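Peer 1: Provided herewith: entry-v1.cif, mmCIF, C-alpha atoms and all ligand atoms.
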```cif
data_run
loop_
_atom_site.label_atom_id
_atom_site.label_comp_id
_atom_site.auth_asym_id
_atom_site.auth_seq_id
_atom_site.Cartn_x
_atom_site.Cartn_y
_atom_site.Cartn_z
CA MET A 1 0.00 0.00 0.00
CA LYS A 2 1.10 3.54 -0.74
CA ILE A 3 0.40 6.43 1.66
CA ALA A 4 0.40 10.05 0.49
CA VAL A 5 0.83 12.82 3.06
CA CYS A 6 -0.25 16.32 2.12
CA ALA A 7 2.26 18.69 3.65
CA LYS A 8 2.68 22.41 3.30
CA GLU A 9 5.51 24.90 3.61
CA VAL A 10 4.47 27.79 5.87
CA PRO A 11 6.14 30.97 7.17
CA ASP A 12 8.04 30.49 10.43
CA THR A 13 5.36 30.64 13.12
CA THR A 14 7.53 32.84 15.36
CA ALA A 15 8.20 35.45 12.65
CA GLU A 16 6.18 38.61 11.97
CA LYS A 17 3.80 38.03 9.01
CA ARG A 18 3.25 40.57 6.23
CA ILE A 19 0.15 40.78 4.04
CA ASP A 20 0.76 42.34 0.64
CA PRO A 21 -1.69 45.30 0.63
CA ASP A 22 -2.04 45.19 -3.19
CA THR A 23 -3.00 41.51 -3.52
CA GLY A 24 -4.39 40.86 -0.02
CA ARG A 25 -2.19 37.76 0.08
CA LEU A 26 0.30 36.66 2.70
CA ASP A 27 3.86 37.52 1.66
CA ARG A 28 5.30 34.02 1.35
CA GLU A 29 8.56 35.03 -0.31
CA SER A 30 10.31 36.86 2.54
CA GLY A 31 11.34 35.42 5.91
CA ASP A 32 12.13 31.91 7.10
CA LYS A 33 9.92 28.98 6.13
CA MET A 34 9.21 25.65 7.76
CA LEU A 35 7.19 22.48 7.34
CA ASN A 36 3.69 23.06 8.77
CA GLU A 37 3.89 21.78 12.36
CA PHE A 38 0.56 19.89 12.14
CA ASP A 39 1.77 17.98 9.07
CA LYS A 40 4.65 16.38 10.99
CA TYR A 41 2.05 14.29 12.88
CA ALA A 42 0.64 13.00 9.57
CA VAL A 43 4.15 12.24 8.28
CA GLU A 44 5.03 10.45 11.53
CA GLN A 45 1.85 8.34 11.41
CA ALA A 46 2.52 7.33 7.80
CA ILE A 47 6.09 6.31 8.65
CA ARG A 48 4.86 4.30 11.67
CA LEU A 49 2.34 2.47 9.46
CA LYS A 50 5.16 1.68 7.02
CA GLU A 51 7.43 0.49 9.84
CA ALA A 52 4.58 -1.73 11.10
CA GLY A 53 4.35 -3.35 7.64
CA ALA A 54 0.96 -1.80 6.73
CA ALA A 55 2.46 0.25 3.86
CA GLU A 56 5.38 0.00 1.46
CA GLU A 57 5.81 3.65 0.47
CA VAL A 58 5.20 7.13 1.88
CA VAL A 59 5.04 10.06 -0.56
CA LEU A 60 4.69 13.73 0.39
CA VAL A 61 2.37 15.80 -1.82
CA SER A 62 2.38 19.57 -1.77
CA MET A 63 1.41 22.67 -3.68
CA GLY A 64 3.65 25.70 -3.30
CA PRO A 65 6.60 27.64 -4.68
CA ALA A 66 9.54 25.65 -6.16
CA LYS A 67 11.65 26.51 -3.09
CA ALA A 68 9.13 24.65 -0.89
CA THR A 69 11.19 21.49 -1.39
CA ASP A 70 13.60 22.93 1.22
CA SER A 71 10.95 22.69 3.97
CA LEU A 72 9.40 19.48 2.66
CA ARG A 73 12.80 17.80 2.91
CA GLN A 74 12.24 17.68 6.66
CA GLY A 75 9.51 15.11 5.98
CA LEU A 76 11.94 13.14 3.83
CA ALA A 77 14.54 13.34 6.61
CA MET A 78 11.94 11.93 9.04
CA GLY A 79 11.54 8.91 6.73
CA ALA A 80 9.15 9.63 3.83
CA ASP A 81 10.36 8.05 0.58
CA GLY A 82 9.80 10.86 -1.92
CA LEU A 83 7.77 13.93 -2.78
CA LEU A 84 5.63 15.45 -5.48
CA LEU A 85 5.46 19.24 -5.47
CA VAL A 86 2.89 20.99 -7.64
CA SER A 87 4.44 24.32 -8.51
CA ASP A 88 3.20 26.72 -11.14
CA ASP A 89 2.96 30.54 -11.35
CA GLY A 90 -0.59 30.07 -12.64
CA LEU A 91 -1.62 28.52 -9.30
CA ALA A 92 -0.76 31.63 -7.25
CA GLY A 93 -3.90 33.12 -5.73
CA SER A 94 -5.64 29.74 -5.38
CA ASP A 95 -8.37 29.83 -2.75
CA TYR A 96 -9.43 26.81 -0.67
CA LEU A 97 -11.34 25.12 -3.49
CA GLY A 98 -8.58 25.84 -6.03
CA THR A 99 -5.96 24.37 -3.69
CA ALA A 100 -8.15 21.31 -3.12
CA ARG A 101 -8.58 20.84 -6.88
CA ALA A 102 -4.81 21.01 -7.41
CA LEU A 103 -4.05 18.60 -4.56
CA ALA A 104 -6.75 16.15 -5.71
CA LYS A 105 -5.19 15.98 -9.20
CA ALA A 106 -1.72 15.52 -7.73
CA LEU A 107 -3.02 12.75 -5.46
CA GLU A 108 -4.67 10.98 -8.40
CA ASP A 109 -1.26 11.08 -10.10
CA VAL A 110 0.42 9.55 -7.03
CA GLY A 111 -2.28 6.89 -6.67
CA ALA A 112 -2.13 6.27 -2.91
CA GLU A 113 -4.80 4.18 -1.16
CA LEU A 114 -4.49 6.24 2.01
CA VAL A 115 -4.11 10.04 2.00
CA LEU A 116 -3.20 11.79 5.26
CA PHE A 117 -3.53 15.48 6.16
CA GLY A 118 -2.56 17.59 9.16
CA ALA A 119 -5.41 19.20 11.12
CA GLU A 120 -4.75 22.71 9.78
CA SER A 121 -2.04 24.95 8.42
CA THR A 122 -0.49 27.55 10.70
CA ASP A 123 -0.91 30.26 8.03
CA GLY A 124 -4.32 29.69 6.37
CA ARG A 125 -5.88 27.82 9.33
CA GLY A 126 -8.85 26.76 7.19
CA GLY A 127 -8.86 23.19 8.46
CA VAL A 128 -10.87 22.29 5.37
CA MET A 129 -8.47 20.64 3.01
CA ALA A 130 -8.97 16.96 3.94
CA ALA A 131 -12.76 17.22 3.55
CA ALA A 132 -12.53 19.21 0.30
CA VAL A 133 -10.00 16.83 -1.27
CA GLY A 134 -11.94 13.77 -0.05
CA GLU A 135 -15.09 15.09 -1.74
CA LEU A 136 -13.30 15.91 -4.99
CA MET A 137 -11.70 12.45 -5.07
CA GLN A 138 -15.07 10.89 -4.15
CA ARG A 139 -13.48 9.00 -1.29
CA VAL A 140 -14.44 8.30 2.27
CA TRP A 141 -12.95 11.10 4.38
CA VAL A 142 -12.56 11.20 8.13
CA THR A 143 -11.24 14.17 10.10
CA SER A 144 -9.70 14.67 13.57
CA ALA A 145 -8.18 11.20 13.97
CA ASN A 146 -6.57 10.74 17.40
CA THR A 147 -5.49 7.21 16.39
CA LEU A 148 -5.16 5.42 13.05
CA ALA A 149 -4.68 1.70 12.45
CA VAL A 150 -4.75 -0.12 9.09
CA GLU A 151 -5.49 -3.81 8.63
CA GLY A 152 -6.69 -5.92 5.71
CA GLY A 153 -7.85 -3.06 3.48
CA ASN A 154 -9.67 -1.29 6.32
CA ALA A 155 -8.70 1.61 8.54
CA THR A 156 -9.91 2.36 12.07
CA VAL A 157 -9.66 5.72 13.77
CA ASP A 158 -10.69 7.22 17.10
CA ARG A 159 -12.23 10.52 16.06
CA GLN A 160 -12.27 13.49 18.39
CA THR A 161 -15.70 15.13 18.60
CA ASP A 162 -17.15 17.86 20.85
CA GLU A 163 -18.94 15.18 22.87
CA GLY A 164 -16.14 12.62 23.13
CA VAL A 165 -14.48 10.09 20.85
CA ASP A 166 -16.08 8.08 17.99
CA THR A 167 -14.41 4.88 16.81
CA VAL A 168 -14.90 4.58 13.04
CA THR A 169 -13.90 1.73 10.73
CA PHE A 170 -13.97 2.21 6.96
CA ALA A 171 -12.65 0.60 3.81
CA LEU A 172 -9.71 2.08 1.90
CA PRO A 173 -9.16 4.09 -0.28
CA ALA A 174 -9.76 7.00 2.07
CA VAL A 175 -8.62 10.46 3.19
CA VAL A 176 -7.87 11.10 6.87
CA SER A 177 -6.79 14.20 8.79
CA VAL A 178 -4.96 13.62 12.07
CA THR A 179 -4.75 15.60 15.32
CA LYS A 180 -1.70 16.35 17.42
CA ALA A 181 -2.84 13.65 19.88
CA ILE A 182 -2.01 10.86 17.41
CA ASN A 183 1.74 10.58 18.09
CA GLU A 184 4.94 12.41 18.96
CA PRO A 185 6.77 13.21 15.69
CA ARG A 186 10.37 12.06 15.62
CA TYR A 187 13.33 14.36 15.14
CA PRO A 188 15.14 13.52 11.90
CA SER A 189 18.40 11.65 12.50
CA LEU A 190 21.68 12.92 10.99
CA LYS A 191 21.55 9.96 8.57
CA GLY A 192 17.98 10.92 7.63
CA ILE A 193 18.98 14.54 7.01
CA MET A 194 21.97 13.50 4.88
CA GLY A 195 19.86 11.02 2.87
CA ALA A 196 16.89 13.36 2.29
CA LYS A 197 18.45 15.26 -0.61
CA LYS A 198 18.96 12.03 -2.58
CA LYS A 199 15.34 10.90 -2.35
CA PRO A 200 13.05 11.39 -5.41
CA GLN A 201 11.68 14.95 -5.53
CA GLU A 202 9.38 15.51 -8.47
CA VAL A 203 8.04 18.96 -9.42
CA LYS A 204 5.04 19.15 -11.77
CA GLY A 205 3.11 22.07 -13.23
CA ALA A 206 -0.66 22.57 -13.53
CA GLY A 207 -0.60 21.45 -17.18
CA ASP A 208 1.25 18.20 -16.35
CA LEU A 209 -1.54 17.20 -13.96
CA GLY A 210 -4.54 18.62 -15.86
CA ILE A 211 -5.39 21.03 -13.01
CA GLU A 212 -8.29 23.35 -13.78
CA GLY A 213 -10.24 25.86 -11.68
CA ALA A 214 -7.27 26.87 -9.55
CA GLY A 215 -5.09 30.00 -9.36
CA GLU A 216 -6.43 33.55 -9.18
CA ALA A 217 -8.62 33.06 -12.26
CA GLY A 218 -10.34 30.03 -10.72
CA ALA A 219 -10.83 31.59 -7.27
CA GLY A 220 -14.45 32.05 -6.20
CA THR A 221 -13.37 34.07 -3.14
CA LYS A 222 -11.55 37.37 -3.03
CA VAL A 223 -9.82 39.23 -0.21
CA LEU A 224 -11.65 42.59 -0.13
CA GLY A 225 -9.65 44.29 2.58
CA ILE A 226 -7.13 43.80 5.34
CA GLU A 227 -6.67 45.65 8.61
CA THR A 228 -4.12 45.51 11.37
CA PRO A 229 -5.83 44.86 14.72
CA PRO A 230 -5.80 47.92 17.04
CA PRO A 231 -2.92 47.95 19.55
CA ARG A 232 -3.82 46.56 22.97
CA GLU A 233 -4.89 49.12 25.55
CA THR A 234 -2.66 49.35 28.60
CA GLY A 235 -4.10 47.40 31.53
CA VAL A 236 -5.33 48.78 34.86
CA LYS A 237 -2.69 48.71 37.62
CA VAL A 238 -3.98 47.99 41.10
CA LYS A 239 -1.94 49.49 43.93
CA ASP A 240 -2.63 47.56 47.10
CA GLU A 241 -3.07 49.88 50.04
CA GLY A 242 -5.11 47.42 52.00
CA ASP A 243 -8.04 47.52 49.56
CA GLY A 244 -6.36 45.70 46.61
CA ALA A 245 -8.73 42.74 46.70
CA GLN A 246 -11.76 45.05 46.78
CA GLN A 247 -10.40 47.05 43.80
CA ILE A 248 -9.97 43.84 41.75
CA LEU A 249 -13.45 42.70 42.77
CA ASP A 250 -14.98 46.06 41.72
CA PHE A 251 -13.11 45.91 38.41
CA LEU A 252 -14.36 42.39 37.63
CA ILE A 253 -17.94 43.38 38.53
CA GLU A 254 -17.69 46.50 36.33
CA LYS A 255 -16.50 44.33 33.40
CA LYS A 256 -19.39 41.92 34.12
CA ILE A 257 -16.89 39.06 34.62
CA LEU A 258 -18.33 38.37 38.07
C1 LIG B 1 -8.65 34.64 -2.24
C2 LIG B 1 -7.53 33.82 -1.71
C3 LIG B 1 -6.27 33.90 -2.31
C4 LIG B 1 -5.21 33.12 -1.86
N1 LIG B 1 -4.00 33.19 -2.48
C5 LIG B 1 -2.98 32.40 -2.07
C6 LIG B 1 -1.72 32.42 -2.72
O1 LIG B 1 -1.51 33.19 -3.66
N2 LIG B 1 -0.73 31.57 -2.31
C7 LIG B 1 -0.96 30.72 -1.25
O2 LIG B 1 -0.05 29.95 -0.91
N3 LIG B 1 -2.13 30.68 -0.60
C8 LIG B 1 -3.16 31.51 -0.99
N4 LIG B 1 -4.33 31.47 -0.33
C9 LIG B 1 -4.48 30.58 0.80
C10 LIG B 1 -4.77 29.20 0.30
O3 LIG B 1 -5.98 29.16 -0.37
C11 LIG B 1 -4.80 28.28 1.50
O4 LIG B 1 -3.58 28.36 2.18
C12 LIG B 1 -5.01 26.87 1.03
O5 LIG B 1 -6.28 26.76 0.44
C13 LIG B 1 -4.93 25.86 2.12
O6 LIG B 1 -5.78 26.23 3.14
P1 LIG B 1 -5.22 26.26 4.60
O7 LIG B 1 -3.84 26.79 4.55
O8 LIG B 1 -6.23 26.97 5.44
O9 LIG B 1 -5.14 24.72 4.91
P2 LIG B 1 -5.90 23.84 6.00
O10 LIG B 1 -7.19 23.35 5.45
O11 LIG B 1 -5.88 24.55 7.33
O12 LIG B 1 -4.83 22.68 6.02
C14 LIG B 1 -5.14 21.36 6.43
C15 LIG B 1 -4.08 20.45 5.91
O13 LIG B 1 -4.15 20.46 4.48
C16 LIG B 1 -2.85 20.25 3.95
N5 LIG B 1 -2.52 21.37 3.08
C17 LIG B 1 -3.01 22.63 3.09
N6 LIG B 1 -2.47 23.34 2.11
C18 LIG B 1 -1.63 22.53 1.45
C19 LIG B 1 -0.76 22.69 0.35
N7 LIG B 1 -0.66 23.85 -0.32
N8 LIG B 1 -0.02 21.63 -0.05
C20 LIG B 1 -0.11 20.45 0.61
N9 LIG B 1 -0.90 20.24 1.65
C21 LIG B 1 -1.65 21.26 2.07
C22 LIG B 1 -1.90 20.09 5.15
O14 LIG B 1 -1.85 18.72 5.50
C23 LIG B 1 -2.64 20.84 6.25
O15 LIG B 1 -2.30 20.41 7.53
C24 LIG B 1 -5.42 32.26 -0.75
C25 LIG B 1 -6.67 32.20 -0.13
C26 LIG B 1 -7.72 32.96 -0.59
C27 LIG B 1 -9.05 32.87 0.11
#
```
Re-express the file's structure as structure tokens.
Peer 2:
Amino acid sequence: MKIAVCAKEVPDTTAEKRIDPDTGRLDRESGDKMLNEFDKYAVEQAIRLKEAGAAEEVVLVSMGPAKATDSLRQGLAMGADGLLLVSDDGLAGSDYLGTARALAKALEDVGAELVLFGAESTDGRGGVMAAAVGELMQRVWVTSANTLAVEGGNATVDRQTDEGVDTVTFALPAVVSVTKAINEPRYPSLKGIMGAKKKPQEVKGAGDLGIEGAGEAGAGTKVLGIETPPPRETGVKVKDEGDGAQQILDFLIEKKIL
């Protein structure tokens, strides 16, 4: 069995983000980049399934700029076998549906029985991609997996819900998004880091994969405006002259917190 893991390069989460005021898009060119933190859990789970003998191959699939291979290599260093990056100037400005269309075509090209996603990206934070891709591929899709086991053509997950945990069993092929509760991602070993560069890293354009309805032209949503949130007001300082507790109490009552 082949497992594909959708993984995304994102701006360093600790760095200041800049939105281009002309396009309304996040400036993804400047600053440090990294592999989306949530996606490491999906990569780790895929590698564990391979190590347990449930899969033969783990392939990373991504859409992003050509330089994204630098961040994706972290997934290869962890143990994934190769990657397919969809990179094309015509795909810039893709909205959620456009991105899902591009990833679905790339995943059809890879032909994996099991497709894994992280819970969300740390830049877009849509948390929608697994469901959107699952629908487009007309596959069973299951989100928020706290566990994932594969046996005899079926997968079983414990799914986090607002009320508790659902245990769901379904037949492959399927699309699954995983939570951070599923495992503890490994740190790449020195050998893994050294070997990552030599692993297959394919880059394909929109035309190679027959991607349509993506990019700015295919976007059904548009960013109409962006605003910086107002700076935080300075807080109230309470000087305790014997009535400190009362002052705090009055403040909380005034703010209707108590
Ligand atoms: C009008 C508009 C214009 C936009 N223009 C751009 C643009 O020019 N460039 C740009 O990069 N973004 C652009 N975006 C953002 C882009 O649409 C989203 O980043 C993308 O749809 C993924 O959504 P998300 O990041 O919220 O992913 P989520 O749904 O939060 O991610 C869930 C999981 O999906 C997977 N995933 C998400 N994105 C990718 C990816 N690209 N490759 C592989 N796996 C992935 C990961 O496993 C991730 O953990 C635009 C959005 C809008 C609304």
Peer 1: Around ligand LIG 1 (chain B), which protein and nucleic acid residues have at least one atom no more than 7 Å from it, if we count all atoms listed in the file? List them as an mmCIF file with C-alpha atoms, in the coordinates of the input.
Peer 2:
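Listed below is the output, result-v3.cif:
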```cif
data_model
loop_
_atom_site.group_PDB
_atom_site.id
_atom_site.type_symbol
_atom_site.label_atom_id
_atom_site.label_comp_id
_atom_site.auth_asym_id
_atom_site.auth_seq_id
_atom_site.Cartn_x
_atom_site.Cartn_y
_atom_site.Cartn_z
ATOM 1 C CA VAL A 5 0.830 12.820 3.060
ATOM 2 C CA CYS A 6 -0.250 16.320 2.120
ATOM 3 C CA ALA A 7 2.260 18.690 3.650
ATOM 4 C CA LYS A 8 2.680 22.410 3.300
ATOM 5 C CA ARG A 25 -2.190 37.760 0.080
ATOM 6 C CA ASN A 36 3.690 23.060 8.770
ATOM 7 C CA PHE A 38 0.560 19.890 12.140
ATOM 8 C CA ASP A 39 1.770 17.980 9.070
ATOM 9 C CA VAL A 61 2.370 15.800 -1.820
ATOM 10 C CA SER A 62 2.380 19.570 -1.770
ATOM 11 C CA MET A 63 1.410 22.670 -3.680
ATOM 12 C CA GLY A 64 3.650 25.700 -3.300
ATOM 13 C CA ALA A 92 -0.760 31.630 -7.250
ATOM 14 C CA GLY A 93 -3.900 33.120 -5.730
ATOM 15 C CA SER A 94 -5.640 29.740 -5.380
ATOM 16 C CA ASP A 95 -8.370 29.830 -2.750
ATOM 17 C CA TYR A 96 -9.430 26.810 -0.670
ATOM 18 C CA LEU A 97 -11.340 25.120 -3.490
ATOM 19 C CA GLY A 98 -8.580 25.840 -6.030
ATOM 20 C CA THR A 99 -5.960 24.370 -3.690
ATOM 21 C CA ALA A 100 -8.150 21.310 -3.120
ATOM 22 C CA LEU A 103 -4.050 18.600 -4.560
ATOM 23 C CA PHE A 117 -3.530 15.480 6.160
ATOM 24 C CA GLY A 118 -2.560 17.590 9.160
ATOM 25 C CA ALA A 119 -5.410 19.200 11.120
ATOM 26 C CA GLU A 120 -4.750 22.710 9.780
ATOM 27 C CA SER A 121 -2.040 24.950 8.420
ATOM 28 C CA ASP A 123 -0.910 30.260 8.030
ATOM 29 C CA GLY A 124 -4.320 29.690 6.370
ATOM 30 C CA ARG A 125 -5.880 27.820 9.330
ATOM 31 C CA GLY A 126 -8.850 26.760 7.190
ATOM 32 C CA GLY A 127 -8.860 23.190 8.460
ATOM 33 C CA VAL A 128 -10.870 22.290 5.370
ATOM 34 C CA MET A 129 -8.470 20.640 3.010
ATOM 35 C CA ALA A 130 -8.970 16.960 3.940
ATOM 36 C CA GLU A 216 -6.430 33.550 -9.180
ATOM 37 C CA ALA A 219 -10.830 31.590 -7.270
ATOM 38 C CA THR A 221 -13.370 34.070 -3.140
ATOM 39 C CA LYS A 222 -11.550 37.370 -3.030
ATOM 40 C CA VAL A 223 -9.820 39.230 -0.210
#
```
Peer 1: Please identify all polymer residues within 9 Å of region 78-90 of chain A, counting all atoms listed in the file, omitting same-chain residues fewer than 6 positions from it, and present them as a VMD selection string.
Peer 2: chain A and resid 4 to 5 40 43 to 44 46 to 47 57 to 66 68 to 69 72 102 to 103 106 110 185 to 189 192 to 193 196 199 to 207 209 214 to 217
Peer 1: What does the file look like for those residues with C-alpha atoms, as a short mmCIF file (atom, residue, chain, number, x, y, z; two decimals), in the coordinates of the input?
Peer 2:
```cif
data_model
loop_
_atom_site.label_atom_id
_atom_site.label_comp_id
_atom_site.auth_asym_id
_atom_site.auth_seq_id
_atom_site.Cartn_x
_atom_site.Cartn_y
_atom_site.Cartn_z
CA ALA A 4 0.40 10.05 0.49
CA VAL A 5 0.83 12.82 3.06
CA LYS A 40 4.65 16.38 10.99
CA VAL A 43 4.15 12.24 8.28
CA GLU A 44 5.03 10.45 11.53
CA ALA A 46 2.52 7.33 7.80
CA ILE A 47 6.09 6.31 8.65
CA GLU A 57 5.81 3.65 0.47
CA VAL A 58 5.20 7.13 1.88
CA VAL A 59 5.04 10.06 -0.56
CA LEU A 60 4.69 13.73 0.39
CA VAL A 61 2.37 15.80 -1.82
CA SER A 62 2.38 19.57 -1.77
CA MET A 63 1.41 22.67 -3.68
CA GLY A 64 3.65 25.70 -3.30
CA PRO A 65 6.60 27.64 -4.68
CA ALA A 66 9.54 25.65 -6.16
CA ALA A 68 9.13 24.65 -0.89
CA THR A 69 11.19 21.49 -1.39
CA LEU A 72 9.40 19.48 2.66
CA ALA A 102 -4.81 21.01 -7.41
CA LEU A 103 -4.05 18.60 -4.56
CA ALA A 106 -1.72 15.52 -7.73
CA VAL A 110 0.42 9.55 -7.03
CA PRO A 185 6.77 13.21 15.69
CA ARG A 186 10.37 12.06 15.62
CA TYR A 187 13.33 14.36 15.14
CA PRO A 188 15.14 13.52 11.90
CA SER A 189 18.40 11.65 12.50
CA GLY A 192 17.98 10.92 7.63
CA ILE A 193 18.98 14.54 7.01
CA ALA A 196 16.89 13.36 2.29
CA LYS A 199 15.34 10.90 -2.35
CA PRO A 200 13.05 11.39 -5.41
CA GLN A 201 11.68 14.95 -5.53
CA GLU A 202 9.38 15.51 -8.47
CA VAL A 203 8.04 18.96 -9.42
CA LYS A 204 5.04 19.15 -11.77
CA GLY A 205 3.11 22.07 -13.23
CA ALA A 206 -0.66 22.57 -13.53
CA GLY A 207 -0.60 21.45 -17.18
CA LEU A 209 -1.54 17.20 -13.96
CA ALA A 214 -7.27 26.87 -9.55
CA GLY A 215 -5.09 30.00 -9.36
CA GLU A 216 -6.43 33.55 -9.18
CA ALA A 217 -8.62 33.06 -12.26
#
```
Peer 1: Mind checking which residues fall within 8 Å of region 148-152 of chain A, counting only C-alpha atoms, ignoring those fewer than 5 positions away in the same chain, and posting them as a PDB file with C-alpha atoms, in the coordinates of the input?
Peer 2:
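And here's part_1.pdb as it stands now:
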```
ATOM      1  CA  GLN A  45       1.850   8.340  11.410  1.00  0.00           C
ATOM      2  CA  LEU A  49       2.340   2.470   9.460  1.00  0.00           C
ATOM      3  CA  ALA A  54       0.960  -1.800   6.730  1.00  0.00           C
ATOM      4  CA  VAL A 157      -9.660   5.720  13.770  1.00  0.00           C
ATOM      5  CA  ASP A 158     -10.690   7.220  17.100  1.00  0.00           C
ATOM      6  CA  ILE A 182      -2.010  10.860  17.410  1.00  0.00           C
TER       7      ILE A 182
END
```
Peer 1: Hey, which of A:Ile3, A:Thr122, A:Asp166, A:Glu51 ends up closest to Lys33 (chain A)? Count only C-alpha atoms.
Peer 2: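 Going through A:Ile3, A:Thr122, A:Asp166, A:Glu51 one by one, the smallest distance to Lys33 (chain A) is for A:Thr122.
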Peer 1: Considering all atoms listed in the file, can you say which of A:Thr179, A:Lys255, A:Ser30, A:Glu113 comes closest to Ala155 (chain A)?
Peer 2: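 Answer, going by the shortest atom-to-atom distance: A:Glu113.
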Peer 1: Quick one: residues within 10 Å of Pro173 (chain A), only C-alpha atoms, excluding same-chain residues fewer than 2 positions away - as a list in words?
Peer 2: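 Residues meeting the cut-off are Gly111, Ala112, Glu113, Leu114, Val115, Met137, Gln138, Arg139, Val140, Trp141, Gly153, Asn154, Ala155, Phe170, Ala171 and Val175 of chain A.
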Peer 1: Suppose you want the space between CA of Ser177 (chain A) and CA of Gly53 (chain A); what is it in Å?
Peer 2: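 Pair CA of Ser177 (chain A) / CA of Gly53 (chain A) returns 20.8 Å.
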Peer 1: Could you tell me how far CA of Val165 (chain A) sits from CA of Ser144 (chain A), in Å to one decimal place?
Peer 2: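 We find that CA of Ser144 (chain A) and CA of Val165 (chain A) lie 9.8 Å from each other.
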Peer 1: Please report, as AutoDock Vina command-line options, the centre and edge lengths in Å to one decimal of an axis-aligned box covering all listed atoms of region 71-85 of chain A with 5 Å per side.
Peer 2:
```
--center_x 10.0 --center_y 15.4 --center_z 1.8 --size_x 19.1 --size_y 24.6 --size_z 24.5
```
Peer 1: Given the choices A:Leu116, A:Val176, A:Leu26, A:Ala42, which gets closest to Val142 (chain A) if the distance is worked out from all atoms listed in the file?
Peer 2: A:Val176
Peer 1: In the coordinate frame of the file, compute which residues have an atom within 12 Å of (11.5, 26.5, 7.0) when using all atoms listed in the file, and state them as a tab-separated table (two decimals) with C-alpha atoms, in the coordinates of the input.
Peer 2:
```
chain	number	residue	atom	x	y	z
A	8	LYS	CA	2.68	22.41	3.30
A	9	GLU	CA	5.51	24.90	3.61
A	10	VAL	CA	4.47	27.79	5.87
A	11	PRO	CA	6.14	30.97	7.17
A	12	ASP	CA	8.04	30.49	10.43
A	13	THR	CA	5.36	30.64	13.12
A	14	THR	CA	7.53	32.84	15.36
A	15	ALA	CA	8.20	35.45	12.65
A	28	ARG	CA	5.30	34.02	1.35
A	29	GLU	CA	8.56	35.03	-0.31
A	30	SER	CA	10.31	36.86	2.54
A	31	GLY	CA	11.34	35.42	5.91
A	32	ASP	CA	12.13	31.91	7.10
A	33	LYS	CA	9.92	28.98	6.13
A	34	MET	CA	9.21	25.65	7.76
A	35	LEU	CA	7.19	22.48	7.34
A	36	ASN	CA	3.69	23.06	8.77
A	37	GLU	CA	3.89	21.78	12.36
A	67	LYS	CA	11.65	26.51	-3.09
A	68	ALA	CA	9.13	24.65	-0.89
A	69	THR	CA	11.19	21.49	-1.39
A	70	ASP	CA	13.60	22.93	1.22
A	71	SER	CA	10.95	22.69	3.97
A	72	LEU	CA	9.40	19.48	2.66
A	73	ARG	CA	12.80	17.80	2.91
A	74	GLN	CA	12.24	17.68	6.66
A	75	GLY	CA	9.51	15.11	5.98
```
Peer 1: Would you compute the distance between CA of Pro230 (chain A) and CA of Ile19 (chain A)? Give it in Å to one decimal.
Peer 2: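 Result for CA of Pro230 (chain A) versus CA of Ile19 (chain A): 16.0 Å, one decimal.
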Peer 1: Nearest to Lys17 (chain A): which of A:Gly134, A:Thr228, A:Thr143, A:Gly220 is it, counting only C-alpha atoms?
Peer 2: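 Looking only at the distances to Lys17 (chain A), the closest residue turns out to be A:Thr228.
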Peer 1: Would you pick out the contacts of Val238 (chain A) at 9 Å or less, using only C-alpha atoms, so that residues sharing its chain but fewer than 2 positions from it are not included, and give the list as a PyMOL selection string?
Peer 2: chain A and resi 236+240+244+247-248
Peer 1: Which residue out of A:Leu136, A:Ala245, A:Ile226, A:Leu252 has the minimum interatomic distance to Lys105 (chain A) when only C-alpha atoms are used?
Peer 2: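 Result for the nearest residue to Lys105 (chain A): A:Leu136.
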Peer 1: Using all atoms listed in the file for the distances, tell me which of A:Lys198, A:Arg232, A:Arg159, A:Lys239 is nearest to Leu76 (chain A).
Peer 2: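 For Leu76 (chain A), the nearest of the candidates is A:Lys198.
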Peer 1: Start from the incomplete input, build N, CA and C atoms for region 49-56 of chain A, and deliver everything as a JSON list (two decimals), in the frame of the given file.
Peer 2:
```json
[["chain", "number", "residue", "atom", "x", "y", "z"],
["A", 49, "LEU", "N", 3.11, 3.51, 10.15],
["A", 49, "LEU", "CA", 2.34, 2.47, 9.46],
["A", 49, "LEU", "C", 3.26, 1.67, 8.53],
["A", 50, "LYS", "N", 4.20, 2.38, 7.89],
["A", 50, "LYS", "CA", 5.16, 1.68, 7.02],
["A", 50, "LYS", "C", 6.06, 0.76, 7.86],
["A", 51, "GLU", "N", 6.54, 1.29, 8.98],
["A", 51, "GLU", "CA", 7.43, 0.49, 9.84],
["A", 51, "GLU", "C", 6.71, -0.74, 10.40],
["A", 52, "ALA", "N", 5.37, -0.60, 10.57],
["A", 52, "ALA", "CA", 4.58, -1.73, 11.10],
["A", 52, "ALA", "C", 4.20, -2.73, 9.99],
["A", 53, "GLY", "N", 4.61, -2.43, 8.76],
["A", 53, "GLY", "CA", 4.35, -3.35, 7.64],
["A", 53, "GLY", "C", 3.01, -3.13, 6.96],
["A", 54, "ALA", "N", 2.28, -2.05, 7.33],
["A", 54, "ALA", "CA", 0.96, -1.80, 6.73],
["A", 54, "ALA", "C", 1.08, -1.04, 5.41],
["A", 55, "ALA", "N", 2.26, -0.50, 5.11],
["A", 55, "ALA", "CA", 2.46, 0.25, 3.86],
["A", 55, "ALA", "C", 3.88, 0.03, 3.36],
["A", 56, "GLU", "N", 4.04, 0.18, 2.04],
["A", 56, "GLU", "CA", 5.38, 0.00, 1.46],
["A", 56, "GLU", "C", 6.06, 1.34, 1.17]]
```
